[in-house]
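Inspection log for the structure reproduced underneath, given as structure tokens.
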Amino acid sequence: MPHRIEDYALIGDRRTGALVGPDGSADWLCLPRFDAEAVFAGLLGDEQHGFWRIGPAHAVGVLPPLAGSRRYRGNSLILETEWHVPGHGTVRLTDLMPTGDGAPALIRIVEGVTGRVRMRSVLHATVNYGQHTATHRHTDGRTVFDVSNGALWLDTSADTTVAGSGEFTLGEGDTVTFALTWQPDQAAAPTPPDTRDALLRTETYWRRWAAQSTYRGPYTEAVTRSALTLKALIHAPTGAPVAAPTTSLPETIGGIRNWDYRYTWLRDAAKTITALLSLSYLDEARAWRTWLLRVIAADLENLQIMYAIGGERELGEAELGWLPGYEKSAPVRTGNGAATQFQLDVYGEVIEALYQAYLAGLEPDPDATRLMVGLVTQLEKRWRRPDEGIWEVRGQRRHFVHSKVMAWVAVDRTIKLIESGEADGPLERWRELRDTIHRDVCEKGYDPVRNTFTQSYGSKELDASLLLIPQVGFLPADDKRVIGTIEAIQRELSTPDGFILRYPTEGADAGVDGLPGDEGAFLLCTFWMVDDLALIGRGDESRQLFEKLLALRGDLGLLAEEWDPRLKRQVGNYPQAFSHIGLISAAQRFSSPEPLTLPLQRTTEADLTVAPAAPQ
Ligand SMILES: OC[C@H]1O[C@H](O[C@H]2O[C@H](CO)[C@@H](O)[C@H](O)[C@H]2O)[C@H](O)[C@@H](O)[C@@H]1O
């Protein structure tokens, strides 16, 4: 039943998201927030694990017909799926999740465009990621499905569906609407959503948000879609970005590298915010900074590298044994064991994002500058320790070079803030610390014989995270050690198509990351290569690689975490913030965004919402 990963569309309301396939089937939906239990989990199994499909009843063979065309409605997260049924006519399905503060809902509007088309809706809601079928009851002409954390209320104008399943016929100009609304347990019945009003408001919200981007260049469509995707992955009530809206989409089809990404990594979140800042989005940085201060500032001694959206610390990893996994890639996991790891690089990523926000004109917050100083104070005590690094290895801790480089970034940016008078701290001591870290990396993390930095101190392996060395300003791009590293990574970590692996894996044996099995090319790392090639003056090569990356996107412009060069398909969680962050950054190598002229006339969240429709 599940489709190729890149054939799914994401629709979302900035609290959660659904994945909808080209047959009109919503195969993934967690309610009411990204990391809640899935009510549709067919993505990780089959129909018995939950889905909601709306499409023509005129099946071609045994499979439901795939759409003739699909698109997002302009710059929005509203999906339009169209079927042309030979001899019958054309129908359009519009899927959306309303933005705004109302109860989370999935709205599906079906319209007859030409002719007369028989349509079928099949809804199978489940409890706890497909473990059981949800029971349902009828109340005042509405169907209510009971799920573990509340109830789903189904409202439809179709008169021939029972509990969301049934057939109806659409002539030209006819419309049938469906709305599935989540409500917490015991709450009063939700007001049935006004689907037309929700469509108008939601479209306006996304369109106005997208229009604020200052990117001007040849890749506007791709950059805008990536920015919209990042925005959709930020949990609006808290400001916390998730790494992806899915769990356990495999890094290798049939493999065990299946992880839950529905959480807020300090690293991924900081990079999301930095990418949006580069397009002049400040509100997201402000909201994230508020989340960060609330969640981490009080206890820097016990900093975690990731939290749940609301700041919860417990992310215990569990396996859902009843789910077979996407194309039999088991186990399916929830939670993430990496939460308790020590990853030194996060100090650098968080401080860099706060520093970039300051440079972009976000009003300074003394608590945020105190946080930066507090983080460096902690880092001073810890930076000499081995860690699990950016890739969250499950093998032995090491002195990862990227981790130490990011420690340098943390100290460097905080020094700059102190020098500008925005923060207080032991300037001289930290200047020495910065030099000491720099020396340490250049002495222990560089192999002069091969003229390359290495994955960790004393290792022979390479690691694509070393591509960040010139980007963060640790060394200039024309330094021979930087050029040597880029060339070594191109030689040793490229797939035959020129895409970049994170690091070498060992097939059936556990490699550096402590896990058996291989994985695909890592899209973020390949975007880093685009950046580096541009930085070292190999512009044509850089652009070619960028365009090859763009060509990997599905018809809706979305990217998973990785690309399997043998199967020629996307793998890993989807859509993955990392990949879209990489795209936004790399695209800016080929054009300059409009210079920031501060203060900008800024659109606020309130401006993004249309006024309610006047009562009739
Ligand atoms: O490679 C093993 C690890 O894979 C996951 O980590 C990856 O995803 C994170 C979220 O995007 C990202 O921050 C990290 O850089 C990636 O390596 C997984 O979350 C880990 O549990 C696992 O050990």
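Just so we're on the same page: first chain in the structure tokens is A, next is B, and so on; residues restart at 1 for each chain, and ligands are numbered from 1 in the order they show up.
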Would you please extract all strand (DSSP E) residues from stretch 183-397 of chain A, as assigned by DSSP on the backbone, and give them as a PyMOL selection string? chain A and resi 183-184+234-235+240-241+264-265+306-307+318-319+333-334
Those selected residues, please, written with C-alpha atoms and delivered as a PDB file, in the first residue's frame.
```pdb
ATOM      1  CA  GLN A 183     -11.005  16.785  20.274  1.00  0.00           C
ATOM      2  CA  PRO A 184      -9.545  15.872  23.676  1.00  0.00           C
ATOM      3  CA  ILE A 234       7.659  24.282  13.539  1.00  0.00           C
ATOM      4  CA  HIS A 235       5.129  23.528  16.251  1.00  0.00           C
ATOM      5  CA  ALA A 240       9.796  24.223  18.587  1.00  0.00           C
ATOM      6  CA  PRO A 241      10.899  22.809  15.209  1.00  0.00           C
ATOM      7  CA  THR A 264      13.221  18.972  18.733  1.00  0.00           C
ATOM      8  CA  TRP A 265      16.953  18.479  18.362  1.00  0.00           C
ATOM      9  CA  MET A 306      16.972  16.979  22.115  1.00  0.00           C
ATOM     10  CA  TYR A 307      13.621  17.402  23.818  1.00  0.00           C
ATOM     11  CA  ALA A 318      10.529   1.768  22.184  1.00  0.00           C
ATOM     12  CA  GLU A 319       9.709  -0.618  19.343  1.00  0.00           C
ATOM     13  CA  ARG A 333      10.582   2.974  16.832  1.00  0.00           C
ATOM     14  CA  THR A 334       9.118   5.744  18.907  1.00  0.00           C
TER      15      THR A 334
END
```
Give me, as a ChimeraX atom specification, all polymer residues having an atom no more than 9 Å from stretch 113-118 of chain A, counting only C-alpha atoms and skipping those fewer than 3 positions away in the same chain. /A:55-58,84-85,87-92,167-174
Residue subset to file, keeping N, CA and C atoms, as a compact mmCIF listing (two decimals), in the first residue's frame:
```txt
# COMPACT_ATOMS: atom_id res chain seq x y z
N GLY A 55 -10.90 8.82 -3.61
CA GLY A 55 -10.51 8.82 -5.02
C GLY A 55 -11.62 8.21 -5.84
N PRO A 56 -11.45 8.19 -7.17
CA PRO A 56 -12.50 7.63 -8.03
C PRO A 56 -12.78 6.17 -7.69
N ALA A 57 -14.06 5.82 -7.77
CA ALA A 57 -14.45 4.42 -7.50
C ALA A 57 -14.18 3.55 -8.72
N HIS A 58 -13.90 4.20 -9.88
CA HIS A 58 -13.64 3.44 -11.11
C HIS A 58 -12.21 2.91 -11.03
N HIS A 84 -8.43 12.32 -13.92
CA HIS A 84 -9.21 12.36 -15.16
C HIS A 84 -9.65 10.92 -15.40
N VAL A 85 -10.91 10.64 -15.30
CA VAL A 85 -11.37 9.25 -15.46
C VAL A 85 -11.94 9.11 -16.86
N GLY A 87 -13.89 8.58 -20.06
CA GLY A 87 -15.29 8.22 -20.27
C GLY A 87 -16.22 8.73 -19.17
N HIS A 88 -15.68 9.33 -18.13
CA HIS A 88 -16.53 9.81 -17.02
C HIS A 88 -16.33 11.30 -16.74
N GLY A 89 -15.12 11.71 -16.51
CA GLY A 89 -14.91 13.13 -16.24
C GLY A 89 -13.71 13.37 -15.33
N THR A 90 -13.65 14.58 -14.79
CA THR A 90 -12.51 15.01 -13.97
C THR A 90 -13.01 15.44 -12.60
N VAL A 91 -12.26 15.02 -11.56
CA VAL A 91 -12.60 15.44 -10.19
C VAL A 91 -11.35 15.99 -9.52
N ARG A 92 -11.58 16.84 -8.54
CA ARG A 92 -10.46 17.42 -7.79
C ARG A 92 -10.69 17.22 -6.29
N GLU A 167 -19.70 5.55 -1.14
CA GLU A 167 -19.53 6.11 -2.47
C GLU A 167 -20.50 7.25 -2.71
N PHE A 168 -20.14 8.13 -3.60
CA PHE A 168 -21.00 9.25 -3.98
C PHE A 168 -20.60 9.66 -5.39
N THR A 169 -21.53 10.34 -6.08
CA THR A 169 -21.26 10.74 -7.46
C THR A 169 -21.21 12.26 -7.55
N LEU A 170 -20.22 12.75 -8.30
CA LEU A 170 -20.08 14.20 -8.45
C LEU A 170 -20.29 14.58 -9.91
N GLY A 171 -21.24 15.50 -10.16
CA GLY A 171 -21.38 16.09 -11.48
C GLY A 171 -20.58 17.38 -11.51
N GLU A 172 -20.49 17.97 -12.68
CA GLU A 172 -19.73 19.22 -12.82
C GLU A 172 -20.26 20.28 -11.85
N GLY A 173 -19.39 20.87 -11.07
CA GLY A 173 -19.78 21.92 -10.13
C GLY A 173 -20.25 21.41 -8.77
N ASP A 174 -20.41 20.08 -8.63
CA ASP A 174 -20.83 19.55 -7.32
C ASP A 174 -19.65 19.53 -6.34
```
Around ligand 1, at most 8 Å away and counting only C-alpha atoms and all ligand atoms, which residues are there? Put them as a ChimeraX atom specification, please. /A:243-244,257-261,265,267-268,336-339,390-394,513,515,561,576-578
Selected residues written out with N, CA and C atoms, as a PDB file, in the first residue's frame:
```
ATOM      1  N   ALA A 243      12.483  17.609  13.639  1.00  0.00           N
ATOM      2  CA  ALA A 243      13.429  17.251  12.566  1.00  0.00           C
ATOM      3  C   ALA A 243      12.688  16.737  11.345  1.00  0.00           C
ATOM      4  N   ALA A 244      11.579  16.069  11.551  1.00  0.00           N
ATOM      5  CA  ALA A 244      10.721  15.560  10.468  1.00  0.00           C
ATOM      6  C   ALA A 244       9.404  15.140  11.120  1.00  0.00           C
ATOM      7  N   ARG A 257      17.915   0.836  10.367  1.00  0.00           N
ATOM      8  CA  ARG A 257      18.202   2.234  10.716  1.00  0.00           C
ATOM      9  C   ARG A 257      16.934   3.067  10.560  1.00  0.00           C
ATOM     10  N   ASN A 258      16.054   2.881  11.518  1.00  0.00           N
ATOM     11  CA  ASN A 258      14.731   3.512  11.462  1.00  0.00           C
ATOM     12  C   ASN A 258      14.521   4.267  12.768  1.00  0.00           C
ATOM     13  N   TRP A 259      14.455   5.593  12.690  1.00  0.00           N
ATOM     14  CA  TRP A 259      14.456   6.402  13.910  1.00  0.00           C
ATOM     15  C   TRP A 259      13.276   7.347  13.946  1.00  0.00           C
ATOM     16  N   ASP A 260      12.952   7.765  15.142  1.00  0.00           N
ATOM     17  CA  ASP A 260      11.837   8.687  15.330  1.00  0.00           C
ATOM     18  C   ASP A 260      12.362  10.129  15.323  1.00  0.00           C
ATOM     19  N   TYR A 261      11.898  10.910  14.368  1.00  0.00           N
ATOM     20  CA  TYR A 261      12.411  12.273  14.183  1.00  0.00           C
ATOM     21  C   TYR A 261      11.411  13.340  14.609  1.00  0.00           C
ATOM     22  N   TRP A 265      15.502  18.544  18.142  1.00  0.00           N
ATOM     23  CA  TRP A 265      16.953  18.479  18.362  1.00  0.00           C
ATOM     24  C   TRP A 265      17.452  19.913  18.461  1.00  0.00           C
ATOM     25  N   ARG A 267      20.303  20.835  17.597  1.00  0.00           N
ATOM     26  CA  ARG A 267      21.055  21.032  16.336  1.00  0.00           C
ATOM     27  C   ARG A 267      20.124  21.336  15.168  1.00  0.00           C
ATOM     28  N   ASP A 268      19.158  20.463  14.934  1.00  0.00           N
ATOM     29  CA  ASP A 268      18.282  20.627  13.773  1.00  0.00           C
ATOM     30  C   ASP A 268      17.452  21.903  13.911  1.00  0.00           C
ATOM     31  N   ASN A 336      13.620   8.309  21.191  1.00  0.00           N
ATOM     32  CA  ASN A 336      14.933   8.303  20.540  1.00  0.00           C
ATOM     33  C   ASN A 336      16.029   8.238  21.594  1.00  0.00           C
ATOM     34  N   GLY A 337      16.756   7.117  21.565  1.00  0.00           N
ATOM     35  CA  GLY A 337      17.797   6.863  22.559  1.00  0.00           C
ATOM     36  C   GLY A 337      18.934   7.868  22.513  1.00  0.00           C
ATOM     37  N   ALA A 338      19.044   8.609  21.405  1.00  0.00           N
ATOM     38  CA  ALA A 338      20.144   9.579  21.303  1.00  0.00           C
ATOM     39  C   ALA A 338      19.940  10.760  22.257  1.00  0.00           C
ATOM     40  N   ALA A 339      18.747  10.859  22.846  1.00  0.00           N
ATOM     41  CA  ALA A 339      18.439  12.017  23.701  1.00  0.00           C
ATOM     42  C   ALA A 339      19.408  12.154  24.868  1.00  0.00           C
ATOM     43  N   ILE A 390      27.858  14.807  15.831  1.00  0.00           N
ATOM     44  CA  ILE A 390      26.704  15.260  15.037  1.00  0.00           C
ATOM     45  C   ILE A 390      25.850  14.100  14.547  1.00  0.00           C
ATOM     46  N   TRP A 391      26.470  12.949  14.264  1.00  0.00           N
ATOM     47  CA  TRP A 391      25.698  11.833  13.687  1.00  0.00           C
ATOM     48  C   TRP A 391      25.141  10.903  14.752  1.00  0.00           C
ATOM     49  N   GLU A 392      25.329  11.260  16.003  1.00  0.00           N
ATOM     50  CA  GLU A 392      24.701  10.512  17.099  1.00  0.00           C
ATOM     51  C   GLU A 392      25.090   9.047  17.036  1.00  0.00           C
ATOM     52  N   VAL A 393      26.394   8.785  16.895  1.00  0.00           N
ATOM     53  CA  VAL A 393      26.823   7.391  16.720  1.00  0.00           C
ATOM     54  C   VAL A 393      26.425   6.576  17.927  1.00  0.00           C
ATOM     55  N   ARG A 394      26.158   5.332  17.680  1.00  0.00           N
ATOM     56  CA  ARG A 394      25.807   4.428  18.774  1.00  0.00           C
ATOM     57  C   ARG A 394      26.991   3.507  19.087  1.00  0.00           C
ATOM     58  N   ASP A 513      29.651   4.014  13.593  1.00  0.00           N
ATOM     59  CA  ASP A 513      28.388   4.410  14.226  1.00  0.00           C
ATOM     60  C   ASP A 513      27.766   3.310  15.074  1.00  0.00           C
ATOM     61  N   LEU A 515      26.421   0.576  14.206  1.00  0.00           N
ATOM     62  CA  LEU A 515      25.220  -0.053  13.642  1.00  0.00           C
ATOM     63  C   LEU A 515      25.594  -0.873  12.411  1.00  0.00           C
ATOM     64  N   GLU A 561      15.597  12.466   4.081  1.00  0.00           N
ATOM     65  CA  GLU A 561      16.942  12.668   4.612  1.00  0.00           C
ATOM     66  C   GLU A 561      18.028  12.201   3.642  1.00  0.00           C
ATOM     67  N   GLN A 576      12.426  15.995   5.529  1.00  0.00           N
ATOM     68  CA  GLN A 576      13.426  16.163   6.578  1.00  0.00           C
ATOM     69  C   GLN A 576      13.925  17.595   6.569  1.00  0.00           C
ATOM     70  N   ALA A 577      13.866  18.237   7.731  1.00  0.00           N
ATOM     71  CA  ALA A 577      14.292  19.640   7.820  1.00  0.00           C
ATOM     72  C   ALA A 577      15.724  19.802   7.301  1.00  0.00           C
ATOM     73  N   PHE A 578      16.632  18.919   7.726  1.00  0.00           N
ATOM     74  CA  PHE A 578      18.041  19.027   7.318  1.00  0.00           C
ATOM     75  C   PHE A 578      18.183  19.257   5.804  1.00  0.00           C
TER      76      PHE A 578
END
```
Would you pick out the contacts of stretch 148-162 of chain A at 7 Å or less, using only C-alpha atoms, so that residues sharing its chain but fewer than 4 positions from it are not included, and give the list as an NGL selection string? :A and (127-128 or 142-144 or 166-168 or 176-185 or 192)
Å distance separating atom CA of A:Arg196 from atom CA of A:Gly102, one decimal place: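 Computing the Euclidean distance for atom CA of A:Arg196 and atom CA of A:Gly102 yields 14.8 Å.
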Can you check which residues of stretch 155-271 of chain A DSSP gives as alpha helix (DSSP H) on the backbone and send them as a VMD selection string? chain A and resid 195 to 210 220 to 232 266 to 271
Save the residues we just selected, C-alpha atoms, as an mmCIF file, in the first residue's frame?
```cif
data_model
loop_
_atom_site.group_PDB
_atom_site.id
_atom_site.type_symbol
_atom_site.label_atom_id
_atom_site.label_comp_id
_atom_site.auth_asym_id
_atom_site.auth_seq_id
_atom_site.Cartn_x
_atom_site.Cartn_y
_atom_site.Cartn_z
ATOM 1 C CA THR A 195 -14.651 24.199 5.268
ATOM 2 C CA ARG A 196 -14.770 27.103 2.783
ATOM 3 C CA ASP A 197 -13.755 29.617 5.423
ATOM 4 C CA ALA A 198 -10.965 27.312 6.623
ATOM 5 C CA LEU A 199 -9.706 26.989 3.045
ATOM 6 C CA LEU A 200 -9.665 30.761 2.552
ATOM 7 C CA ARG A 201 -7.922 31.461 5.847
ATOM 8 C CA THR A 202 -5.388 28.694 5.438
ATOM 9 C CA GLU A 203 -4.484 29.689 1.913
ATOM 10 C CA THR A 204 -4.116 33.328 2.930
ATOM 11 C CA TYR A 205 -1.961 32.383 5.893
ATOM 12 C CA TRP A 206 0.559 30.418 3.856
ATOM 13 C CA ARG A 207 0.590 32.838 0.917
ATOM 14 C CA ARG A 208 1.292 35.845 3.127
ATOM 15 C CA TRP A 209 3.936 33.969 5.071
ATOM 16 C CA ALA A 210 5.744 32.865 1.912
ATOM 17 C CA THR A 220 12.703 30.838 -5.975
ATOM 18 C CA GLU A 221 10.237 27.964 -6.384
ATOM 19 C CA ALA A 222 12.548 25.463 -4.662
ATOM 20 C CA VAL A 223 13.581 27.868 -1.897
ATOM 21 C CA THR A 224 9.974 28.845 -1.188
ATOM 22 C CA ARG A 225 8.819 25.236 -0.996
ATOM 23 C CA SER A 226 11.696 24.423 1.343
ATOM 24 C CA ALA A 227 10.920 27.435 3.529
ATOM 25 C CA LEU A 228 7.232 26.485 3.669
ATOM 26 C CA THR A 229 8.218 22.959 4.636
ATOM 27 C CA LEU A 230 10.448 24.206 7.458
ATOM 28 C CA LYS A 231 7.668 26.490 8.649
ATOM 29 C CA ALA A 232 5.249 23.541 8.611
ATOM 30 C CA LEU A 266 18.909 21.543 19.439
ATOM 31 C CA ARG A 267 21.055 21.032 16.336
ATOM 32 C CA ASP A 268 18.282 20.627 13.773
ATOM 33 C CA ALA A 269 16.185 23.369 15.359
ATOM 34 C CA ALA A 270 19.074 25.835 15.400
ATOM 35 C CA LYS A 271 19.814 25.108 11.746
#
```
Which distance in Å separates atom CA of A:Asp365 and atom CA of A:Glu422, to one decimal? 9.4 Å
